[in-house]
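Q: So I've got this file, input-v1.cif, and it contains mmCIF, C-alpha atoms:
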```
data_start
loop_
_atom_site.label_atom_id
_atom_site.label_comp_id
_atom_site.auth_asym_id
_atom_site.auth_seq_id
_atom_site.Cartn_x
_atom_site.Cartn_y
_atom_site.Cartn_z
CA MET A 315 -56.61 -30.90 -20.92
CA THR A 316 -57.28 -30.76 -17.21
CA ASN A 317 -54.51 -30.87 -14.71
CA PRO A 318 -55.88 -32.46 -11.56
CA ALA A 319 -53.06 -31.01 -9.51
CA SER A 320 -54.25 -27.51 -10.27
CA ILE A 321 -57.02 -25.99 -8.23
CA GLY A 322 -57.55 -23.65 -11.16
CA HIS A 323 -59.64 -26.43 -12.61
CA ILE A 324 -62.08 -26.73 -9.79
CA GLU A 325 -65.46 -26.13 -11.28
CA VAL A 326 -67.95 -23.88 -9.59
CA GLY A 327 -71.46 -24.27 -10.91
CA GLY A 328 -70.32 -25.61 -14.25
CA ILE A 329 -67.76 -22.93 -14.97
CA THR A 330 -64.06 -22.93 -14.20
CA ARG A 331 -62.76 -21.28 -11.06
CA GLY A 332 -61.22 -18.55 -13.18
CA ALA A 333 -64.51 -17.69 -14.82
CA PHE A 334 -66.14 -17.81 -11.43
CA LEU A 335 -63.69 -15.28 -10.08
CA VAL A 336 -64.34 -13.00 -13.02
CA ARG A 337 -68.08 -13.49 -12.77
CA THR A 338 -68.00 -12.69 -9.07
CA ALA A 339 -66.03 -9.59 -9.86
CA LEU A 340 -68.47 -8.47 -12.50
CA THR A 341 -71.49 -9.21 -10.35
CA ALA A 342 -70.01 -7.40 -7.39
CA GLY A 343 -69.32 -4.48 -9.68
CA ALA A 344 -72.74 -4.71 -11.30
CA LEU A 345 -73.58 -1.07 -10.78
CA TYR A 346 -70.37 -0.03 -12.39
CA GLY A 347 -70.75 -2.64 -15.13
CA ALA A 348 -74.23 -1.48 -16.03
CA GLY A 349 -72.95 2.04 -16.39
CA ALA A 350 -70.12 0.87 -18.56
CA ALA A 351 -72.27 -1.22 -20.85
CA GLY A 352 -73.61 1.80 -22.69
CA PRO A 353 -71.85 3.78 -25.39
CA ALA A 354 -68.52 3.19 -23.69
CA LEU A 355 -68.87 -0.52 -24.37
CA THR A 356 -69.41 0.08 -28.06
CA ARG A 357 -66.26 2.15 -28.18
CA ALA A 358 -64.32 -0.49 -26.31
CA LEU A 359 -65.43 -3.26 -28.62
CA GLY A 360 -64.10 -1.20 -31.49
CA HIS A 361 -60.76 -0.78 -29.71
CA GLY A 362 -61.05 2.93 -30.33
CA ALA A 363 -58.42 5.55 -30.67
CA ASN A 364 -58.49 6.27 -26.96
CA GLY A 365 -56.29 3.34 -26.21
CA ALA A 366 -56.76 -0.20 -25.03
CA PHE A 367 -58.12 0.81 -21.65
CA SER A 368 -60.90 3.09 -22.78
CA GLY A 369 -64.45 1.91 -22.40
CA GLY A 370 -64.30 1.01 -18.75
CA ASP A 371 -63.87 -2.41 -17.22
CA VAL A 372 -65.79 -4.16 -19.99
CA GLY A 373 -63.45 -2.67 -22.55
CA ILE A 374 -60.46 -3.81 -20.54
CA VAL A 375 -61.81 -7.35 -20.28
CA ASN A 376 -62.26 -7.40 -24.03
CA PHE A 377 -58.76 -6.12 -24.60
CA ALA A 378 -57.37 -8.77 -22.26
CA LEU A 379 -59.31 -11.42 -24.13
CA THR A 380 -57.75 -10.34 -27.41
CA LEU A 381 -54.26 -10.63 -25.92
CA GLU A 382 -55.03 -14.04 -24.48
CA LYS A 383 -56.32 -15.27 -27.84
CA ILE A 384 -53.11 -14.16 -29.50
CA GLU A 385 -51.14 -16.02 -26.84
CA ALA A 386 -53.26 -19.16 -27.08
CA ASP A 387 -52.93 -19.13 -30.88
CA PHE A 388 -49.18 -18.70 -30.59
CA TYR A 389 -48.75 -21.69 -28.27
CA LYS A 390 -50.77 -23.89 -30.60
CA ARG A 391 -48.40 -22.99 -33.43
CA ALA A 392 -45.33 -23.18 -31.23
CA LEU A 393 -46.12 -26.71 -30.15
CA ALA A 394 -46.29 -27.77 -33.81
CA VAL A 395 -42.67 -26.70 -34.41
CA LYS A 396 -40.39 -29.69 -34.95
CA GLY A 397 -37.28 -30.31 -32.90
CA LEU A 398 -38.25 -28.70 -29.60
CA LYS A 399 -36.47 -30.08 -26.56
CA PRO A 400 -38.84 -32.18 -24.42
CA GLY A 401 -38.37 -29.78 -21.50
CA LEU A 402 -39.54 -26.88 -23.62
CA THR A 403 -42.51 -28.80 -25.01
CA LYS A 404 -43.59 -29.59 -21.47
CA LEU A 405 -43.22 -25.95 -20.44
CA LEU A 406 -45.14 -24.69 -23.48
CA GLN A 407 -47.93 -27.18 -22.83
CA SER A 408 -48.35 -26.03 -19.26
CA ILE A 409 -48.40 -22.38 -20.35
CA ALA A 410 -50.85 -23.09 -23.18
CA LEU A 411 -53.20 -24.66 -20.68
CA ASN A 412 -53.16 -21.51 -18.54
CA GLU A 413 -53.77 -19.25 -21.55
CA THR A 414 -56.71 -21.36 -22.68
CA GLU A 415 -58.19 -21.00 -19.21
CA HIS A 416 -57.71 -17.25 -19.38
CA VAL A 417 -59.48 -17.15 -22.76
CA ASN A 418 -62.38 -19.24 -21.44
CA ALA A 419 -62.76 -17.24 -18.27
CA LEU A 420 -62.67 -13.88 -20.03
CA THR A 421 -65.05 -15.07 -22.77
CA GLN A 422 -67.54 -16.35 -20.20
CA SER A 423 -67.31 -13.16 -18.23
CA LEU A 424 -68.13 -11.09 -21.31
CA GLN A 425 -71.08 -13.34 -22.03
CA LEU A 426 -72.29 -12.98 -18.46
CA LEU A 427 -72.13 -9.23 -18.97
CA GLY A 428 -74.17 -9.45 -22.11
CA ALA A 429 -71.21 -8.21 -24.13
CA LYS A 430 -69.74 -9.89 -27.15
CA PRO A 431 -66.08 -10.69 -27.64
CA GLY A 432 -64.50 -8.80 -30.52
CA PRO A 433 -63.67 -10.71 -33.71
CA PRO A 434 -60.82 -13.20 -33.37
CA PRO A 435 -57.53 -11.34 -33.74
CA LYS A 436 -55.43 -11.91 -36.84
CA THR A 437 -52.06 -12.61 -35.38
CA LYS A 438 -49.03 -11.13 -37.07
CA LEU A 439 -46.36 -13.17 -35.36
CA PRO A 440 -43.11 -13.98 -37.12
CA ALA A 441 -42.63 -17.40 -38.70
CA LEU A 442 -41.71 -20.09 -36.20
CA LYS A 443 -39.11 -22.44 -37.63
CA THR A 444 -36.73 -23.25 -34.81
CA GLN A 445 -36.72 -23.61 -31.05
CA ALA A 446 -34.93 -20.26 -30.88
CA ASP A 447 -37.80 -18.60 -32.79
CA VAL A 448 -40.33 -20.11 -30.44
CA LEU A 449 -38.49 -19.00 -27.31
CA ARG A 450 -37.86 -15.49 -28.58
CA VAL A 451 -41.48 -14.84 -29.55
CA ALA A 452 -42.86 -16.54 -26.43
CA ILE A 453 -40.76 -14.31 -24.20
CA GLN A 454 -41.83 -11.20 -26.13
CA LEU A 455 -45.47 -12.19 -25.86
CA GLU A 456 -45.37 -12.92 -22.14
CA ASP A 457 -43.38 -9.77 -21.36
CA THR A 458 -46.00 -7.79 -23.28
CA GLY A 459 -48.81 -9.56 -21.46
CA VAL A 460 -47.28 -8.73 -18.08
CA SER A 461 -46.91 -5.03 -18.79
CA ALA A 462 -50.32 -4.76 -20.47
CA TYR A 463 -52.09 -6.45 -17.55
CA ASN A 464 -50.18 -4.27 -15.10
CA GLY A 465 -51.31 -1.18 -16.99
CA ALA A 466 -54.87 -2.43 -17.31
CA ALA A 467 -55.00 -3.16 -13.59
CA THR A 468 -54.24 0.48 -12.78
CA GLN A 469 -57.23 1.57 -14.89
CA ILE A 470 -59.78 -0.94 -13.63
CA GLN A 471 -62.53 0.52 -11.46
CA SER A 472 -63.90 -2.63 -9.83
CA ALA A 473 -61.71 -3.82 -6.95
CA ASP A 474 -62.74 -7.40 -7.66
CA LEU A 475 -61.81 -7.17 -11.30
CA LEU A 476 -58.51 -5.56 -10.31
CA GLN A 477 -57.85 -8.65 -8.20
CA VAL A 478 -58.49 -10.89 -11.21
CA ALA A 479 -56.26 -8.85 -13.53
CA ALA A 480 -53.40 -8.87 -11.02
CA SER A 481 -53.86 -12.59 -10.51
CA ILE A 482 -53.52 -13.19 -14.26
CA ALA A 483 -50.59 -10.76 -14.43
CA GLN A 484 -48.76 -12.88 -11.87
CA VAL A 485 -49.29 -15.98 -13.98
CA GLU A 486 -48.07 -14.20 -17.12
CA GLY A 487 -45.03 -13.09 -15.13
CA ARG A 488 -44.42 -16.68 -14.09
CA HIS A 489 -44.60 -17.79 -17.72
CA ALA A 490 -42.10 -15.12 -18.72
CA GLY A 491 -39.75 -16.01 -15.87
CA ALA A 492 -39.78 -19.72 -16.65
CA LEU A 493 -39.29 -19.18 -20.40
CA ARG A 494 -36.40 -16.83 -19.74
CA GLU A 495 -34.84 -19.35 -17.37
CA PHE A 496 -35.12 -21.99 -20.09
CA ALA A 497 -33.43 -19.57 -22.48
CA GLY A 498 -30.63 -18.90 -19.97
CA GLN A 499 -31.71 -15.30 -19.41
CA PHE A 500 -32.46 -13.45 -16.21
CA PRO A 501 -36.19 -13.71 -15.47
CA SER A 502 -36.82 -9.99 -15.89
CA ALA A 503 -35.33 -7.13 -17.87
CA GLY A 504 -34.81 -5.26 -14.62
CA PRO A 505 -36.19 -4.89 -11.09
CA PHE A 506 -39.47 -3.32 -12.24
CA ASP A 507 -41.90 -4.51 -14.86
CA LYS A 508 -43.43 -1.93 -17.14
CA VAL A 509 -46.92 -0.61 -16.51
CA LEU A 510 -48.30 0.27 -19.94
CA SER A 511 -50.67 3.12 -20.68
CA GLY A 512 -53.76 2.39 -22.76
CA ALA A 513 -52.10 3.83 -25.84
CA GLN A 514 -48.94 1.78 -25.29
CA ALA A 515 -50.97 -1.38 -24.73
CA ASP A 516 -52.96 -0.67 -27.87
CA ALA A 517 -49.76 -0.21 -29.86
CA ALA A 518 -48.28 -3.40 -28.43
CA ALA A 519 -51.40 -5.39 -29.28
CA HIS A 520 -51.47 -4.01 -32.81
CA ARG A 521 -47.86 -5.06 -33.32
CA LEU A 522 -48.95 -8.59 -32.39
CA GLY A 523 -51.92 -8.45 -34.68
CA ALA A 524 -54.97 -7.45 -32.65
CA MET B 48 -33.45 -2.46 -21.75
CA GLU B 49 -33.45 0.30 -19.20
CA PRO B 50 -33.90 -1.14 -15.74
CA ALA B 51 -36.34 1.35 -14.23
CA PRO B 52 -39.46 1.84 -16.32
CA SER B 53 -42.06 4.49 -16.64
CA ALA B 54 -44.38 4.19 -13.70
CA LEU B 55 -41.78 3.62 -11.05
CA ASP B 56 -39.77 6.67 -11.90
CA GLU B 57 -42.72 8.78 -10.93
CA LEU B 58 -43.25 7.18 -7.58
CA THR B 59 -41.02 9.16 -5.34
CA ALA B 60 -41.25 12.35 -7.32
CA ASP B 61 -43.23 15.51 -6.68
CA ALA B 62 -46.84 16.29 -7.42
CA SER B 63 -46.21 17.58 -10.93
CA SER B 64 -44.56 14.36 -11.97
CA ARG B 65 -47.41 12.45 -10.40
CA LYS B 66 -49.76 14.30 -12.69
CA ARG B 67 -47.50 13.38 -15.56
CA PHE B 68 -47.73 9.79 -14.43
CA LEU B 69 -51.49 9.91 -14.40
CA ARG B 70 -51.56 11.22 -17.95
CA MET B 71 -49.01 8.65 -19.00
CA ALA B 72 -50.96 5.88 -17.39
CA GLY B 73 -54.11 7.09 -19.08
CA GLY B 74 -55.57 8.52 -15.90
CA GLY B 75 -58.64 9.67 -17.82
CA ALA B 76 -61.17 11.50 -15.73
CA VAL B 77 -58.86 11.70 -12.76
CA ALA B 78 -55.93 13.24 -14.62
CA ALA B 79 -56.91 16.66 -13.33
CA GLY B 80 -54.58 16.30 -10.41
CA LEU B 81 -53.19 14.04 -7.79
CA ALA B 82 -55.54 15.05 -5.04
CA ALA B 83 -58.58 14.46 -7.19
CA ALA B 84 -57.18 11.15 -8.34
CA VAL B 85 -56.51 9.86 -4.89
CA ALA B 86 -59.90 11.01 -3.68
CA ALA B 87 -61.58 9.36 -6.65
CA CYS B 88 -59.72 6.10 -6.13
CA GLY B 89 -60.72 6.21 -2.50
CA THR B 90 -64.37 6.22 -3.34
CA GLN B 91 -64.09 3.52 -5.94
CA LYS B 92 -62.04 0.96 -4.12
CA LYS B 93 -63.45 -0.89 -1.22
CA THR B 94 -61.39 -0.51 1.90
CA GLY B 95 -62.63 -3.79 3.29
CA ASN B 96 -61.74 -7.10 1.77
CA GLN B 97 -63.00 -10.59 1.34
CA PHE B 98 -59.68 -12.14 2.18
CA GLY B 99 -59.84 -12.40 5.94
CA GLY B 100 -56.83 -10.80 7.52
CA ALA B 101 -55.56 -9.05 4.38
CA GLY B 102 -55.06 -5.87 6.34
CA VAL B 103 -54.60 -7.10 9.86
CA GLY B 104 -50.84 -7.47 9.55
CA THR B 105 -50.15 -4.29 7.63
CA GLN B 106 -51.57 -2.06 10.38
CA GLN B 107 -48.51 -2.69 12.50
CA TYR B 108 -46.53 -0.97 9.72
CA GLY B 109 -48.79 2.07 9.50
CA GLN B 110 -52.21 3.16 8.34
CA GLY B 111 -53.60 2.70 4.85
CA ASP B 112 -51.14 2.86 1.97
CA ALA B 113 -48.26 3.70 4.30
CA GLY B 114 -48.94 0.48 6.20
CA ILE B 115 -49.05 -1.53 2.98
CA VAL B 116 -45.82 0.03 1.71
CA GLY B 117 -44.14 -0.47 5.09
CA TYR B 118 -45.22 -4.10 5.08
CA ALA B 119 -43.93 -4.63 1.54
CA LEU B 120 -40.67 -2.92 2.47
CA PHE B 121 -40.23 -5.27 5.42
CA LEU B 122 -40.66 -8.25 3.11
CA GLU B 123 -38.15 -6.78 0.65
CA ARG B 124 -35.62 -6.26 3.47
CA LEU B 125 -36.03 -9.94 4.30
CA GLU B 126 -35.45 -10.92 0.67
CA VAL B 127 -32.39 -8.69 0.38
CA ALA B 128 -30.89 -10.19 3.54
CA PHE B 129 -31.61 -13.70 2.31
CA TYR B 130 -30.08 -13.28 -1.15
CA GLU B 131 -27.06 -11.30 0.06
CA ARG B 132 -26.26 -13.95 2.63
CA ALA B 133 -26.98 -16.80 0.22
CA ALA B 134 -24.68 -15.24 -2.38
CA ALA B 135 -21.95 -14.78 0.25
CA SER B 136 -22.43 -18.22 1.82
CA GLY B 137 -19.94 -19.99 -0.42
CA LYS B 138 -22.52 -22.74 -0.96
CA LEU B 139 -23.81 -21.52 -4.31
CA THR B 140 -22.17 -21.99 -7.67
CA GLY B 141 -23.10 -21.49 -11.34
CA ARG B 142 -26.64 -20.48 -12.19
CA PRO B 143 -27.95 -20.46 -8.59
CA LEU B 144 -25.17 -18.07 -7.57
CA GLU B 145 -25.84 -15.89 -10.61
CA LEU B 146 -29.54 -15.73 -9.74
CA ALA B 147 -28.93 -15.02 -6.06
CA LYS B 148 -26.77 -12.02 -6.94
CA ARG B 149 -29.24 -10.74 -9.49
CA PHE B 150 -32.22 -11.20 -7.18
CA ALA B 151 -30.38 -9.43 -4.33
CA SER B 152 -29.95 -6.49 -6.68
CA ASP B 153 -33.62 -6.56 -7.80
CA GLU B 154 -34.91 -6.75 -4.23
CA ASN B 155 -32.58 -3.94 -3.20
CA ALA B 156 -34.04 -1.75 -5.94
CA HIS B 157 -37.54 -2.60 -4.72
CA ALA B 158 -36.58 -1.70 -1.15
CA THR B 159 -35.10 1.63 -2.22
CA THR B 160 -38.22 2.56 -4.18
CA LEU B 161 -40.56 1.50 -1.39
CA ALA B 162 -38.50 3.35 1.22
CA GLY B 163 -38.85 6.50 -0.89
CA ALA B 164 -42.56 5.94 -1.28
CA LEU B 165 -42.98 5.36 2.44
CA LYS B 166 -41.22 8.60 3.19
CA SER B 167 -43.41 10.50 0.73
CA LEU B 168 -46.47 9.03 2.45
CA GLY B 169 -45.20 10.24 5.80
CA GLY B 170 -44.64 6.73 7.12
CA ARG B 171 -41.73 5.34 9.09
CA GLU B 172 -39.92 2.15 8.34
CA ALA B 173 -40.15 -0.64 10.89
CA PRO B 174 -36.87 -1.74 12.47
CA VAL B 175 -35.14 -4.41 10.39
CA PRO B 176 -34.55 -7.50 12.53
CA PRO B 177 -31.38 -9.59 12.19
CA PHE B 178 -33.26 -12.33 10.26
CA GLN B 179 -32.14 -15.95 10.37
CA PHE B 180 -31.68 -18.26 7.43
CA VAL B 181 -30.38 -21.79 7.16
CA LEU B 182 -27.81 -21.71 4.37
CA GLU B 183 -26.21 -25.13 4.45
CA ASN B 184 -26.28 -26.35 0.89
CA GLN B 185 -27.31 -25.23 -2.57
CA ALA B 186 -30.38 -27.45 -2.85
CA ASP B 187 -31.86 -26.23 0.44
CA ILE B 188 -31.05 -22.61 -0.35
CA LEU B 189 -32.91 -22.88 -3.66
CA VAL B 190 -35.93 -24.37 -1.94
CA THR B 191 -35.93 -21.54 0.61
CA ALA B 192 -35.56 -19.01 -2.21
CA ALA B 193 -38.59 -20.48 -3.97
CA GLN B 194 -40.52 -20.27 -0.71
CA VAL B 195 -39.51 -16.66 -0.11
CA GLU B 196 -40.54 -15.64 -3.64
CA ALA B 197 -43.85 -17.47 -3.40
CA VAL B 198 -44.59 -15.65 -0.16
CA GLY B 199 -43.58 -12.34 -1.72
CA ALA B 200 -45.70 -12.75 -4.86
CA GLY B 201 -48.73 -13.82 -2.81
CA ALA B 202 -48.20 -10.93 -0.40
CA TYR B 203 -48.28 -8.27 -3.14
CA LEU B 204 -51.29 -9.92 -4.77
CA GLY B 205 -53.00 -9.90 -1.37
CA GLN B 206 -52.69 -6.13 -1.08
CA VAL B 207 -53.48 -4.76 -4.55
CA ARG B 208 -57.19 -4.24 -3.88
CA ARG B 209 -56.48 -2.41 -0.64
CA ILE B 210 -54.19 0.22 -2.18
CA GLN B 211 -55.75 3.65 -2.55
CA SER B 212 -53.13 5.58 -4.50
CA LYS B 213 -52.76 4.85 -8.18
CA GLN B 214 -49.03 5.48 -8.02
CA ILE B 215 -48.55 3.01 -5.19
CA LEU B 216 -50.75 0.53 -7.01
CA ALA B 217 -48.62 0.83 -10.17
CA ALA B 218 -45.47 0.28 -8.12
CA ALA B 219 -46.91 -2.72 -6.33
CA LEU B 220 -48.07 -4.30 -9.60
CA SER B 221 -44.71 -3.65 -11.21
CA ILE B 222 -42.83 -5.29 -8.35
CA HIS B 223 -45.39 -8.07 -7.99
CA THR B 224 -44.77 -9.49 -11.46
CA VAL B 225 -41.00 -9.37 -10.96
CA GLU B 226 -41.41 -11.46 -7.80
CA ALA B 227 -43.53 -13.81 -9.90
CA ARG B 228 -40.75 -14.04 -12.49
CA HIS B 229 -38.21 -14.83 -9.76
CA ALA B 230 -40.48 -17.53 -8.38
CA ALA B 231 -40.95 -19.17 -11.77
CA SER B 232 -37.27 -18.99 -12.64
CA LEU B 233 -36.51 -20.89 -9.43
CA ALA B 234 -39.38 -23.32 -10.04
CA GLN B 235 -38.03 -24.05 -13.51
CA LEU B 236 -34.56 -24.62 -12.04
CA LEU B 237 -36.02 -26.94 -9.38
CA GLY B 238 -38.24 -28.81 -11.86
CA ARG B 239 -41.39 -27.70 -10.08
CA PRO B 240 -44.67 -26.40 -11.54
CA ILE B 241 -44.13 -22.80 -12.57
CA ALA B 242 -47.68 -21.70 -11.75
CA PRO B 243 -48.61 -23.82 -8.72
CA ASP B 244 -52.02 -22.15 -8.29
CA GLY B 245 -52.94 -22.80 -11.91
CA ALA B 246 -54.09 -20.11 -14.36
CA PHE B 247 -55.14 -17.74 -11.56
CA ALA B 248 -52.69 -16.97 -8.76
CA ASN B 249 -53.94 -16.86 -5.18
CA PRO B 250 -53.51 -13.77 -3.00
CA SER B 251 -52.11 -14.19 0.52
CA PRO B 252 -53.54 -12.17 3.38
CA SER B 253 -50.90 -10.43 5.48
CA SER B 254 -51.78 -12.58 8.48
CA ASP B 255 -50.69 -15.68 6.50
CA VAL B 256 -47.60 -13.98 5.16
CA LEU B 257 -46.40 -12.88 8.59
CA ARG B 258 -46.91 -16.40 9.87
CA GLN B 259 -44.97 -17.84 6.92
CA ILE B 260 -41.95 -15.61 7.51
CA GLN B 261 -41.89 -16.32 11.26
CA PRO B 262 -39.06 -18.88 10.93
CA PHE B 263 -36.82 -16.15 9.45
CA LEU B 264 -37.38 -13.72 12.30
CA SER B 265 -34.78 -14.37 14.94
CA GLY B 266 -36.20 -14.45 18.35
#
```
Please lay out the structure from this file as structure tokens.

A:
Amino acid sequence: MTNPASIGHIEVGGITRGAFLVRTALTAGALYGAGAAGPALTRALGHGANGAFSGGDVGIVNFALTLEKIEADFYKRALAVKGLKPGLTKLLQSIALNETEHVNALTQSLQLLGAKPGPPPKTKLPALKTQADVLRVAIQLEDTGVSAYNGAATQIQSADLLQVAASIAQVEGRHAGALREFAGQFPSAGPFDKVLSGAQADAAAHRLGA
Amino acid sequence: MEPAPSALDELTADASSRKRFLRMAGGGAVAAGLAAAVAACGTQKKTGNQFGGAGVGTQQYGQGDAGIVGYALFLERLEVAFYERAAASGKLTGRPLELAKRFASDENAHATTLAGALKSLGGREAPVPPFQFVLENQADILVTAAQVEAVGAGAYLGQVRRIQSKQILAAALSIHTVEARHAASLAQLLGRPIAPDGAFANPSPSSDVLRQIQPFLSG
């Protein structure tokens, strides 16, 4: 499961580099985090009506974790589909590895904050029977991830956590671009990626099953 | 899909549309108005950075957000020049040619938006140098394209924490992930790792970026 060529796997004090980045962010923003861990946190854990980005940075981390779990779950199922071209299998495996790292890092960061991840999302993805199904849903998921992270990043208060969210957004964008290239599409729908509001991100996540 | 989405449309517009943007983007406590929002962001974001040199290079393009936008615009001008010349070089065919044309168009749209933003911030665009690219064969052009996109994606990621205005931040994020998509599309075409930094992409300070583009600046 580790890719020695990737510095993303360098461990820092027993946790992955990704979790370390997030932990650093949360520690650096400790004053803010403490303030957010009150009633706002409770609301965020409930994914309240105020949209995916309510509840401060902790709420946003939890929302991101939900999205990443949906993605990780999808790739597990996608890789079980028969008849995928070897090139696609390889691509899906490399993406799945990244998503698992995102899940681990975000989970650890919530634990370090003393917050609990929400219940595992029940994904509502369409049935995956063919390579075309897999590609279509993968592209939808990654495009959604990009625009949700972009939106989340505009609402994050901690500069360090903003850096982490943008860093993950870039990787989601890379996934989307590579999948679209495999599918023979242009890597983006246009010159600008969407930047979702909290309500839009909430709606997008609910469509996927959060 | 419509090419220009929500946040970007608001960028170059007037104050009332900026307020609309803030509401749309869930501006929360700061939705009261642009001035309040910018002031609030200013107190929340650190102006310093832990990435040595992140801001050193942008100061030559202006102060604060104007400097960052001017810097990004310069990089977009470089990308536009590269893709336009690559597409016109006669060396590209098939998918690489298709991508070069498309990317030229994307980068042009970025430049137009950033130029508008720079103007609204009261900044002035730096002179665009002639730029120099080696465009001898398709394989080398693709490798250079991948390099240019990697530099671009890292450059935007290196600035996000320094941006004070929420509108400029939204624009930078929106462009940043499109550069990432370009980079991965090229990586996939070249058979290279699509996320070379792993699950978390690395930001590039402007001092590194300006050094990396040095070969393209004719002198």

Q: Please expand the PyMOL selection byres ((chain A) within 6 of (chain B)) into the concrete residues it hits in this file, giving the result as JSON, numbers by chain.

A: {"A": [320, 322, 412, 464, 473, 481, 482, 484, 487, 488, 491, 492, 495, 501, 504, 505, 506, 507, 508, 511, 512]}

Q: So that I can check the surroundings of Ala192 of chain B, please list as a list in words every protein, DNA and RNA residue that reaches within 10 Å of it, counting all atoms listed in the file and ignoring chain neighbours fewer than 3 positions away.

A: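 The neighbour list is Glu126, Phe129, Tyr130, Ala133, Ala147, Phe150, Ala186, Asp187, Ile188, Leu189, Val195, Glu196, Ala197, Val198, His229, Ala230, Leu233 and Ala234 of chain B.
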
Q: Can you spell out as a compact mmCIF listing (two decimals) with C-alpha atoms, keeping the file's coordinate frame the set of residues that the PyMOL selection byres ((chain A and resi 467) around 9) selects in the structure I just provided?

A:
```txt
# COMPACT_ATOMS: atom_id res chain seq x y z
CA ILE A 374 -60.46 -3.81 -20.54
CA ALA A 462 -50.32 -4.76 -20.47
CA TYR A 463 -52.09 -6.45 -17.55
CA ASN A 464 -50.18 -4.27 -15.10
CA GLY A 465 -51.31 -1.18 -16.99
CA ALA A 466 -54.87 -2.43 -17.31
CA THR A 468 -54.24 0.48 -12.78
CA GLN A 469 -57.23 1.57 -14.89
CA ILE A 470 -59.78 -0.94 -13.63
CA GLN A 471 -62.53 0.52 -11.46
CA LEU A 475 -61.81 -7.17 -11.30
CA LEU A 476 -58.51 -5.56 -10.31
CA GLN A 477 -57.85 -8.65 -8.20
CA VAL A 478 -58.49 -10.89 -11.21
CA ALA A 479 -56.26 -8.85 -13.53
CA ALA A 480 -53.40 -8.87 -11.02
CA ALA A 483 -50.59 -10.76 -14.43
CA VAL A 509 -46.92 -0.61 -16.51
CA LEU B 216 -50.75 0.53 -7.01
CA ALA B 217 -48.62 0.83 -10.17
CA LEU B 220 -48.07 -4.30 -9.60
```

Q: Expressed in Å to a single decimal, how great is the separation between atom CA of Thr444 of chain A and atom CA of Gly397 of chain A?

A: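 Taking atom CA of Thr444 of chain A and atom CA of Gly397 of chain A, their separation equals 7.3 Å.
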
Q: For Leu406 of chain A, which residue out of A:Gly369, A:His489, A:Leu442, A:Leu426 is the nearest one, using only C-alpha atoms?

A: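 Smallest separation from Leu406 of chain A among the options: A:His489.
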
Q: Counting all atoms listed in the file, what is within 9 Å of Phe178 of chain B, bar same-chain residues fewer than 5 positions away, as a ChimeraX atom specification?

A: /B:125,128-129,262-266

Q: For Val451 of chain A, list every protein, DNA or RNA residue within 8 Å, evaluated using all atoms listed in the file, and leave out those in the same chain fewer than 4 positions away; present the list as a ChimeraX atom specification.

A: /A:439-440,447,455

Q: Please evaluate the PyMOL selection byres ((chain B and resi 104) around 6) against the structure above and give the resulting residues as a PDB file with C-alpha atoms, in the frame of the given file.

A:
```pdb
ATOM      1  CA  GLY B 102     -55.060  -5.870   6.340  1.00  0.00           C
ATOM      2  CA  VAL B 103     -54.600  -7.100   9.860  1.00  0.00           C
ATOM      3  CA  THR B 105     -50.150  -4.290   7.630  1.00  0.00           C
ATOM      4  CA  GLN B 106     -51.570  -2.060  10.380  1.00  0.00           C
ATOM      5  CA  SER B 253     -50.900 -10.430   5.480  1.00  0.00           C
ATOM      6  CA  SER B 254     -51.780 -12.580   8.480  1.00  0.00           C
TER       7      SER B 254
END
```
